[in-house]
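Participant: Submitted below is the structure of interest, expressed as structure tokens.
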Amino acid sequence: MNINFLFSYLLITLSHLLCAQTGRIHGTVTADGVPIAFAQLVVERTSSGAVTNNAGIYDIRGLNFASYTISVSYLGYKTISKDFTLDQTNPDVVLNLNLRETALNLDHIVVTGTKTYKKQTQSPVLVGVINSQTLSNVQACNLAEGLRFQPGLRVETNCQTCNYTQLRINGLAGGYSQILINGRPIFSPLTGLYGLEQLPANMIERIEVIRGGGSSLYGSSAIGGTVNVITKIPKVNSYEVGYTYQNIDGQTNDNIWTGNASFISDSKNSGVSFFVNKRQRDFYDANGDNFSEIARLSNASLGANFFILPNENQKLELSVSRIHEYRLGGEMENNKPAYLAEQAEERTQNVWMASADYQINWNKDRSSFISYFAWQNTDRNHYTGIRPDTSTVEYESFLANPPYGTSSVTTFTIGTQVNHKIRSLFSGINVFTTGIEYLYDAVQDDIPAYKYTIDQTTKDLGAFLQSDWSIVPQLSLLSGIRMDKHNLVNRIIISPRAALLYKPTSTVKLRLNYGAGFRAPQAFDSDLHIAFAGGGVSRVSLSPNLVPETSQSYSASFSYDKPMPKWITGITFEGFYTRLNRAFYLKPLGLDQFGQQFEKQNGEGATVQGVTLDYRLNYNQKIQLESGYTLQTSLFDRPVEYIAGVGGIHEFVRTPNNYGYAVFTATPSKKWKATLNYVHTGQMKIPHFAGAPNQLVDQIFRSDAFSEVSIKVGYNLPIEKFSGKMEIYSGVRNMFNAYQDDFDIGKDRDSNYIYGPSLPRLYFIGITMKSK
């Protein structure tokens with residue numbers, strides 16, 4: 001009896017000891033703060049593992065006391081590994097894991113399509129994404145250079161002297177596109193002249209793009225599409241500093257310094273990230289006439305993003321940035337003021353941007369309230385002029401009153417948004433979003449010598465309501481309406497939208513979209529640009545009878561995405577159709593004492609339609625291909641006269657019927673990476689005013705097609721002393737020098753006669769040091 005009792009006691013004690021020798025690891029897997037479902041977790045060198053649930057939670061039990069390495073992987077994200085130890089003092093380990101995306105990710109977390117965070121493949125609105133790794137791979141120095149690598153998008157340079165740029169989405173000019181900074185419309189018309197070049201790549205976390213009227217949720221000027229620039233937010237303690245030297249066609253030096261740093265508190269409830277960028281570039285003269293085709297540039301920018309989590313259901317985000325830029329184009333003289341040059345455009349700009357966002361969740365995260373404020377201010381001193389010949393009577397009066405000007409722009413938006421998730425009465429889950437926002441923009445631009453003044457204040461009060469209904473796992477319906485009261489429009493404008501997503505299989509997605517939009521009768525970026533033509537300056541005024549331009553947009557797309565153990569591949573076909581009613585156009589009024597005059601008027605209408613193909617592939621994170629190609633037509637109903645006395649045409653100018661890109665990246669090892677990219681621009685029609693010695697008649701010119709090929713090769717070295725790594729890289733952009741070769745010459749040139757690639761052949765070499 002005693003022996004049996006002793007044996008039982010020893011058996012029970014031993015079993016308790018054995019049970020006490022096992023432990024547990026659990027936590028949450030997220031990406032950019034959003035839980036990731038179905039992420040794969042494996043405890044290396046064991047058979048233990050788990051798959052996260054819909055809340056991103058995993059739980060692995062029954063691990064013997066020991067030291068382990070756990071790895072987590074998910075389609076389109078980098079696999080990460082973490083060490084942990086289970087023992088008697090720490091038998092229960094909580095380990096939260098944050099995934100970082102690879103350069104090709106077929107399921108980004110996006111916000112622009114629905115104004116709520118959503119997986120890219122689950123969004124009824126097709127959202128394209130350019131992340132910071134892609135910007136680095138293609139050696140993009142700023143926003144303008146990065147936007148070229150997205151289907152349906154083109155960035156073009158529109159002035160031979162000052163090099164202002166504009167974005168075209170589906171062939172529609174810059175004024176048809178909405179540029180957002182962290183979801184807020186503070187990119188004013190004047191800021192848009194040079195802003196695409198002023199926003200440095202190292203401040204950008206990612207860029208989200210919506211093409212067509214599916215973006216009408218964002219109000220005025222979102223007809224062509226919406227670009228949302230998401231700035232870098234602090235995630236982990238990190239640093240990165242770099243320097244790049246660029247040489248333009250063996251003639252011009254271009255130096256760029258960059259820096260980034262992020263700091264997270266020990267409690268993970270607050271953080272801050274900083275960026276700084278400095279650029280110095282000299283003149284470039286393509287045709288030897290001593291007048292620049294690429295302007296001298298000095299740019300300095302810096303900024304910071306902050307976040308604070310007061311508790312687990314609240315978040316406060318703050319950001320502030322400043323950009324200072326000086327640019328000078330025209331006659332390449334170094335030792336005299338701009339007004340003594342034969343022809344010059346000089347710009348000194350100071351831009352401030354700031355924002356604050358507050359969010360609180362409740363009702364078990366089924367409800368949320370967001371309030372926000374964003375502000376931008378631009379002050380600009382500028383000169384735009386052609387010096388008369390010294391032997392003329394106009395010379396003395398010109399010296400007494402040279403055409404200097406000043407500009408001031410203030411933009412702010414304030415708004416609130418409420419999201420509420422419910423189980424539908426019929427089927428599935430429905431997320432309702434409603435909100436109201438107020439946008440104010442005041443532009444003052446004066447050049448007394450030209451008797452030129454723009455004094456424009458716009459105010460837009462908008463309200464929106466949206467239903468994002470996941471009817472069944474295979475079918476989603478997004479519907480909504482936005483109402484705008486604009487101070488330049490007599491009536492309330494109602495813009496409905498609808499989008500349908502159907503997933504017949506796990507690899508196929510079908511989308512249908514409709515959206516209505518409008519453009520207010522106001523001056524946009526290109527209207528505020530004063531160009532040279534025919535020995536004078538051209539200016540744009542607004543017709544007193546100008547009324548809103550409205551649009552109806554439709555699109556349909558087919559997407560196929562196939563993940564395999566080592567391969568990821570995907571293809572998207574999209575057809576789009578946009579009908580413009582009372583379309584704006586510039587009517588030439590002829591010459592006055594200063595030069596060409598144009599008036600913005602309403603036309604009959606126009607139609608933009610076409611198809612876009614997007615193909616992507618990634619093999620084992622070693623080989624990657626991203627590409628897109630667009631075929632389209634852009635036609636006014638009736639011929640439009642662009643130059644007085646030259647017959648009108650139906651085609652939109654500066655709009656090719658075919659264009660595209662491809663980016664191929666090879667990463668054979670952790671140390672080596674090479675990227676080859678290609679940009680194609682088809683033929684287009686360009687107005688060309690007479691005046692330069694090499695252009696004696698006004699005409700509409702059809703340009704040649706261009707193909708740019710660029711390459712970048714990088715080599716990585718570990719730097720153990722600083723717990724980081726160093727990358728040395730070099731390459732050539734536009735290696736075959738596909739660049740315009742028929743620029744006008746001299747001070748009387750038509751500065752808007754510019755097309756094709758923004759840069760000739762460019763060599764670069766650089767170095768980056770950053771944390772691991």
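FYI, nothing fancy with the structure tokens labels: chains A, B, ... in order, residues from 1 per chain, ligands from 1 as they appear.
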Run DSSP on the backbone and tell me which residues of segment 34-237 of chain A come out as strand (DSSP E or B); list them as a PDB file with C-alpha atoms, in the first residue's frame.

Facilitator:
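What landed in result18.pdb:
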```
ATOM      1  CA  VAL A  34      -3.235  46.885 -39.424  1.00  0.00           C
ATOM      2  CA  PRO A  35      -3.635  43.250 -38.245  1.00  0.00           C
ATOM      3  CA  GLN A  40       2.496  31.946 -41.334  1.00  0.00           C
ATOM      4  CA  LEU A  41       4.569  31.520 -38.140  1.00  0.00           C
ATOM      5  CA  VAL A  42       7.143  28.771 -37.652  1.00  0.00           C
ATOM      6  CA  VAL A  43       9.313  28.028 -34.627  1.00  0.00           C
ATOM      7  CA  GLY A  49       3.810  26.829 -35.792  1.00  0.00           C
ATOM      8  CA  ALA A  50       0.599  28.792 -36.242  1.00  0.00           C
ATOM      9  CA  VAL A  51      -1.498  30.886 -38.614  1.00  0.00           C
ATOM     10  CA  ILE A  57      -3.422  37.015 -33.329  1.00  0.00           C
ATOM     11  CA  TYR A  58      -1.311  33.855 -32.984  1.00  0.00           C
ATOM     12  CA  ASP A  59      -0.815  31.490 -30.055  1.00  0.00           C
ATOM     13  CA  ILE A  60       1.749  28.649 -29.911  1.00  0.00           C
ATOM     14  CA  ARG A  61       1.736  26.421 -26.819  1.00  0.00           C
ATOM     15  CA  GLY A  62       3.567  23.351 -25.569  1.00  0.00           C
ATOM     16  CA  LEU A  63       7.129  24.485 -26.308  1.00  0.00           C
ATOM     17  CA  ASN A  64       9.790  23.011 -24.059  1.00  0.00           C
ATOM     18  CA  ALA A  66      14.708  26.548 -24.357  1.00  0.00           C
ATOM     19  CA  SER A  67      15.858  29.338 -26.650  1.00  0.00           C
ATOM     20  CA  TYR A  68      14.142  29.559 -30.048  1.00  0.00           C
ATOM     21  CA  THR A  69      13.843  31.556 -33.235  1.00  0.00           C
ATOM     22  CA  ILE A  70      10.385  32.289 -34.612  1.00  0.00           C
ATOM     23  CA  SER A  71       9.860  33.444 -38.196  1.00  0.00           C
ATOM     24  CA  VAL A  72       6.778  35.034 -39.747  1.00  0.00           C
ATOM     25  CA  SER A  73       6.016  35.326 -43.452  1.00  0.00           C
ATOM     26  CA  TYR A  77       6.145  41.070 -47.134  1.00  0.00           C
ATOM     27  CA  ILE A  80      11.318  38.377 -40.337  1.00  0.00           C
ATOM     28  CA  SER A  81      12.828  36.304 -37.527  1.00  0.00           C
ATOM     29  CA  LYS A  82      13.000  36.983 -33.787  1.00  0.00           C
ATOM     30  CA  ASP A  83      14.755  35.155 -30.948  1.00  0.00           C
ATOM     31  CA  PHE A  84      12.995  34.347 -27.673  1.00  0.00           C
ATOM     32  CA  THR A  85      13.575  32.213 -24.591  1.00  0.00           C
ATOM     33  CA  LEU A  86      11.149  30.182 -22.456  1.00  0.00           C
ATOM     34  CA  ASP A  87      12.156  29.225 -18.911  1.00  0.00           C
ATOM     35  CA  ASN A  90       9.452  33.530 -18.285  1.00  0.00           C
ATOM     36  CA  ASP A  92       4.689  33.041 -21.226  1.00  0.00           C
ATOM     37  CA  VAL A  93       6.192  35.289 -23.915  1.00  0.00           C
ATOM     38  CA  VAL A  94       4.245  38.016 -25.679  1.00  0.00           C
ATOM     39  CA  LEU A  97       5.545  41.366 -34.913  1.00  0.00           C
ATOM     40  CA  ASN A  98       5.398  44.136 -37.526  1.00  0.00           C
ATOM     41  CA  GLU A 101       6.553  45.029 -47.365  1.00  0.00           C
ATOM     42  CA  ILE A 109      -2.772  48.261 -46.869  1.00  0.00           C
ATOM     43  CA  VAL A 110      -4.296  51.336 -48.559  1.00  0.00           C
ATOM     44  CA  LYS A 118      -8.259  48.349 -46.320  1.00  0.00           C
ATOM     45  CA  LYS A 119      -6.237  45.661 -48.034  1.00  0.00           C
ATOM     46  CA  GLY A 128      -1.984  51.646 -57.281  1.00  0.00           C
ATOM     47  CA  VAL A 129       0.932  51.900 -54.867  1.00  0.00           C
ATOM     48  CA  ILE A 130       4.507  53.133 -55.254  1.00  0.00           C
ATOM     49  CA  ASN A 131       6.509  52.422 -52.106  1.00  0.00           C
ATOM     50  CA  ASN A 142      11.567  63.603 -55.780  1.00  0.00           C
ATOM     51  CA  LEU A 153       0.501  58.320 -65.233  1.00  0.00           C
ATOM     52  CA  ARG A 154       2.835  60.731 -67.019  1.00  0.00           C
ATOM     53  CA  VAL A 155       4.913  63.552 -65.573  1.00  0.00           C
ATOM     54  CA  GLU A 156       5.944  66.181 -68.087  1.00  0.00           C
ATOM     55  CA  THR A 157       8.090  69.292 -68.038  1.00  0.00           C
ATOM     56  CA  THR A 165       6.108  70.088 -64.152  1.00  0.00           C
ATOM     57  CA  GLN A 166       2.601  68.697 -64.157  1.00  0.00           C
ATOM     58  CA  LEU A 167       1.085  65.260 -63.703  1.00  0.00           C
ATOM     59  CA  ARG A 168      -1.263  63.760 -66.282  1.00  0.00           C
ATOM     60  CA  ILE A 169      -3.528  60.882 -65.244  1.00  0.00           C
ATOM     61  CA  LEU A 172      -5.893  64.635 -68.400  1.00  0.00           C
ATOM     62  CA  SER A 177      -5.856  65.641 -60.648  1.00  0.00           C
ATOM     63  CA  GLN A 178      -6.017  65.988 -56.890  1.00  0.00           C
ATOM     64  CA  ILE A 179      -2.700  65.850 -54.985  1.00  0.00           C
ATOM     65  CA  LEU A 180      -3.104  64.958 -51.311  1.00  0.00           C
ATOM     66  CA  ILE A 181      -0.529  65.053 -48.529  1.00  0.00           C
ATOM     67  CA  ARG A 184      -5.432  66.181 -47.091  1.00  0.00           C
ATOM     68  CA  PRO A 200      11.935  64.917 -51.845  1.00  0.00           C
ATOM     69  CA  ILE A 204       7.799  59.679 -48.762  1.00  0.00           C
ATOM     70  CA  GLU A 205       6.700  56.358 -47.274  1.00  0.00           C
ATOM     71  CA  ARG A 206       4.462  55.443 -50.208  1.00  0.00           C
ATOM     72  CA  ILE A 207       2.273  56.963 -52.905  1.00  0.00           C
ATOM     73  CA  GLU A 208      -1.284  55.746 -53.488  1.00  0.00           C
ATOM     74  CA  VAL A 209      -2.888  56.417 -56.864  1.00  0.00           C
ATOM     75  CA  ILE A 210      -6.504  56.228 -58.024  1.00  0.00           C
ATOM     76  CA  ARG A 211      -7.184  56.740 -61.708  1.00  0.00           C
ATOM     77  CA  GLY A 225      -7.566  60.861 -60.448  1.00  0.00           C
ATOM     78  CA  THR A 226      -6.074  61.273 -56.995  1.00  0.00           C
ATOM     79  CA  VAL A 227      -2.498  60.942 -55.784  1.00  0.00           C
ATOM     80  CA  ASN A 228      -2.064  60.560 -52.022  1.00  0.00           C
ATOM     81  CA  VAL A 229       1.489  61.121 -50.750  1.00  0.00           C
ATOM     82  CA  ILE A 230       1.938  59.286 -47.431  1.00  0.00           C
ATOM     83  CA  THR A 231       4.939  60.696 -45.558  1.00  0.00           C
TER      84      THR A 231
END
```

Participant: Apply DSSP to the structure's backbone, then extract all residues of segment 298-436 of chain A labelled helix (DSSP H, G or I) and return them as a list in words.

Facilitator: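 DSSP-assigned helix (DSSP H, G or I) residues in segment 298-436 of chain A: Ala338, Tyr339, Leu340, Glu394, Tyr395, Glu396, Ser397, Phe398, Leu399 and Ala400 of chain A.
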
Participant: Need the shell around Ile571 of chain A: protein/DNA/RNA residues with any atom at most 6 Å away, counting only C-alpha atoms. Skip same-chain ones fewer than 3 positions apart. Format as a ChimeraX atom specification?

Facilitator: /A:559-560,614-615

Participant: Now that the selection is made, can you save its residues with C-alpha atoms as a PDB file, in the first residue's frame?

Facilitator:
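Done, and the output landed in part27.pdb:
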```
ATOM      1  CA  SER A 559      -7.118  41.376 -62.198  1.00  0.00           C
ATOM      2  CA  TYR A 560      -5.422  38.015 -61.888  1.00  0.00           C
ATOM      3  CA  ASP A 614      -0.431  46.346 -65.699  1.00  0.00           C
ATOM      4  CA  TYR A 615       1.843  43.298 -65.287  1.00  0.00           C
TER       5      TYR A 615
END
```

Participant: Counting only C-alpha atoms, which of A:Tyr326, A:Phe584, A:Phe412, A:Phe369 gets nearest to Ser188 of chain A?

Facilitator: A:Phe412

Participant: Separation of atom CA of Phe722 of chain A and atom CA of Tyr243 of chain A, in Å?

Facilitator: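 Between atom CA of Phe722 of chain A and atom CA of Tyr243 of chain A the gap is 17.9 Å.
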
Participant: How many Å separate atom CA of Asn290 of chain A from atom CA of Met684 of chain A?

Facilitator: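 Atom-to-atom, atom CA of Asn290 of chain A to atom CA of Met684 of chain A, that is 27.8 Å.
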
Participant: Which residues are near segment 401-411 of chain A? Cut-off 10 Å, only C-alpha atoms, ignore same chain within fewer than 2 positions. Put them as a count of residues only.

Facilitator: 60

Participant: Could you pull the residues within 8 Å of Pro496 of chain A, counting only C-alpha atoms, minus those fewer than 5 positions along the same chain, as an mmCIF file with all heavy atoms, in the first residue's frame?

Facilitator:
```cif
data_model
loop_
_atom_site.group_PDB
_atom_site.id
_atom_site.type_symbol
_atom_site.label_atom_id
_atom_site.label_comp_id
_atom_site.auth_asym_id
_atom_site.auth_seq_id
_atom_site.Cartn_x
_atom_site.Cartn_y
_atom_site.Cartn_z
ATOM 1 N N SER A 216 -13.878 60.638 -56.899
ATOM 2 C CA SER A 216 -14.705 61.824 -56.713
ATOM 3 C C SER A 216 -15.048 62.076 -55.247
ATOM 4 O O SER A 216 -15.546 63.136 -54.892
ATOM 5 C CB SER A 216 -15.999 61.704 -57.535
ATOM 6 O OG SER A 216 -16.740 60.569 -57.134
ATOM 7 N N SER A 479 -20.611 52.376 -52.313
ATOM 8 C CA SER A 479 -21.470 53.416 -52.881
ATOM 9 C C SER A 479 -21.405 54.641 -51.986
ATOM 10 O O SER A 479 -21.194 54.533 -50.777
ATOM 11 C CB SER A 479 -22.912 52.919 -53.014
ATOM 12 O OG SER A 479 -23.413 52.521 -51.752
ATOM 13 N N GLY A 480 -21.570 55.800 -52.589
ATOM 14 C CA GLY A 480 -21.490 57.015 -51.796
ATOM 15 C C GLY A 480 -21.896 58.231 -52.579
ATOM 16 O O GLY A 480 -22.132 58.186 -53.795
ATOM 17 N N ILE A 481 -21.943 59.331 -51.878
ATOM 18 C CA ILE A 481 -22.317 60.601 -52.476
ATOM 19 C C ILE A 481 -21.556 61.708 -51.758
ATOM 20 O O ILE A 481 -21.307 61.622 -50.550
ATOM 21 C CB ILE A 481 -23.846 60.820 -52.387
ATOM 22 C CG1 ILE A 481 -24.264 62.032 -53.219
ATOM 23 C CG2 ILE A 481 -24.296 60.948 -50.939
ATOM 24 C CD1 ILE A 481 -25.770 62.159 -53.350
ATOM 25 N N ARG A 482 -21.147 62.702 -52.526
ATOM 26 C CA ARG A 482 -20.495 63.871 -51.952
ATOM 27 C C ARG A 482 -21.237 65.110 -52.436
ATOM 28 O O ARG A 482 -21.590 65.211 -53.614
ATOM 29 C CB ARG A 482 -19.023 63.943 -52.345
ATOM 30 C CG ARG A 482 -18.310 65.161 -51.749
ATOM 31 C CD ARG A 482 -16.864 65.253 -52.167
ATOM 32 N NE ARG A 482 -16.308 66.520 -51.720
ATOM 33 C CZ ARG A 482 -15.468 66.673 -50.704
ATOM 34 N NH1 ARG A 482 -15.069 65.613 -50.011
ATOM 35 N NH2 ARG A 482 -15.014 67.866 -50.372
ATOM 36 N N GLY A 515 -18.115 57.311 -61.320
ATOM 37 C CA GLY A 515 -17.966 58.487 -60.479
ATOM 38 C C GLY A 515 -18.262 59.751 -61.246
ATOM 39 O O GLY A 515 -17.935 59.863 -62.433
ATOM 40 N N ALA A 516 -18.885 60.706 -60.582
ATOM 41 C CA ALA A 516 -19.134 62.031 -61.155
ATOM 42 C C ALA A 516 -18.207 63.029 -60.468
ATOM 43 O O ALA A 516 -17.869 62.878 -59.288
ATOM 44 C CB ALA A 516 -20.590 62.442 -60.962
#
```

Participant: Got a sec: who's within 10 Å of Phe524 of chain A, counting only C-alpha atoms, leaving out chain neighbours fewer than 5 positions off, as a PyMOL selection string?

Facilitator: chain A and resi 174-176+188-190+192-193+221+519+529

Participant: Put those residues in a file: C-alpha atoms, as a compact mmCIF listing (two decimals), in the first residue's frame.

Facilitator:
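The result, stored in selection16.txt:
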```txt
# COMPACT_ATOMS: atom_id res chain seq x y z
CA GLY A 174 -2.58 68.55 -63.97
CA GLY A 175 -5.63 70.64 -63.08
CA TYR A 176 -7.79 67.50 -63.35
CA SER A 188 -2.74 74.52 -53.86
CA PRO A 189 -2.72 75.55 -57.56
CA LEU A 190 0.38 77.74 -57.10
CA GLY A 192 1.41 72.62 -57.85
CA LEU A 193 3.63 74.53 -60.31
CA SER A 221 -10.46 68.64 -59.31
CA ARG A 519 -13.90 71.50 -61.66
CA HIS A 529 2.47 80.04 -65.15
```

Participant: Residues within 10 Å of Phe283 of chain A, please, as a PyMOL selection string. Count only C-alpha atoms; anything in the same chain fewer than 4 positions from it doesn't count.

Facilitator: chain A and resi 248+251-254+290-297+327-333
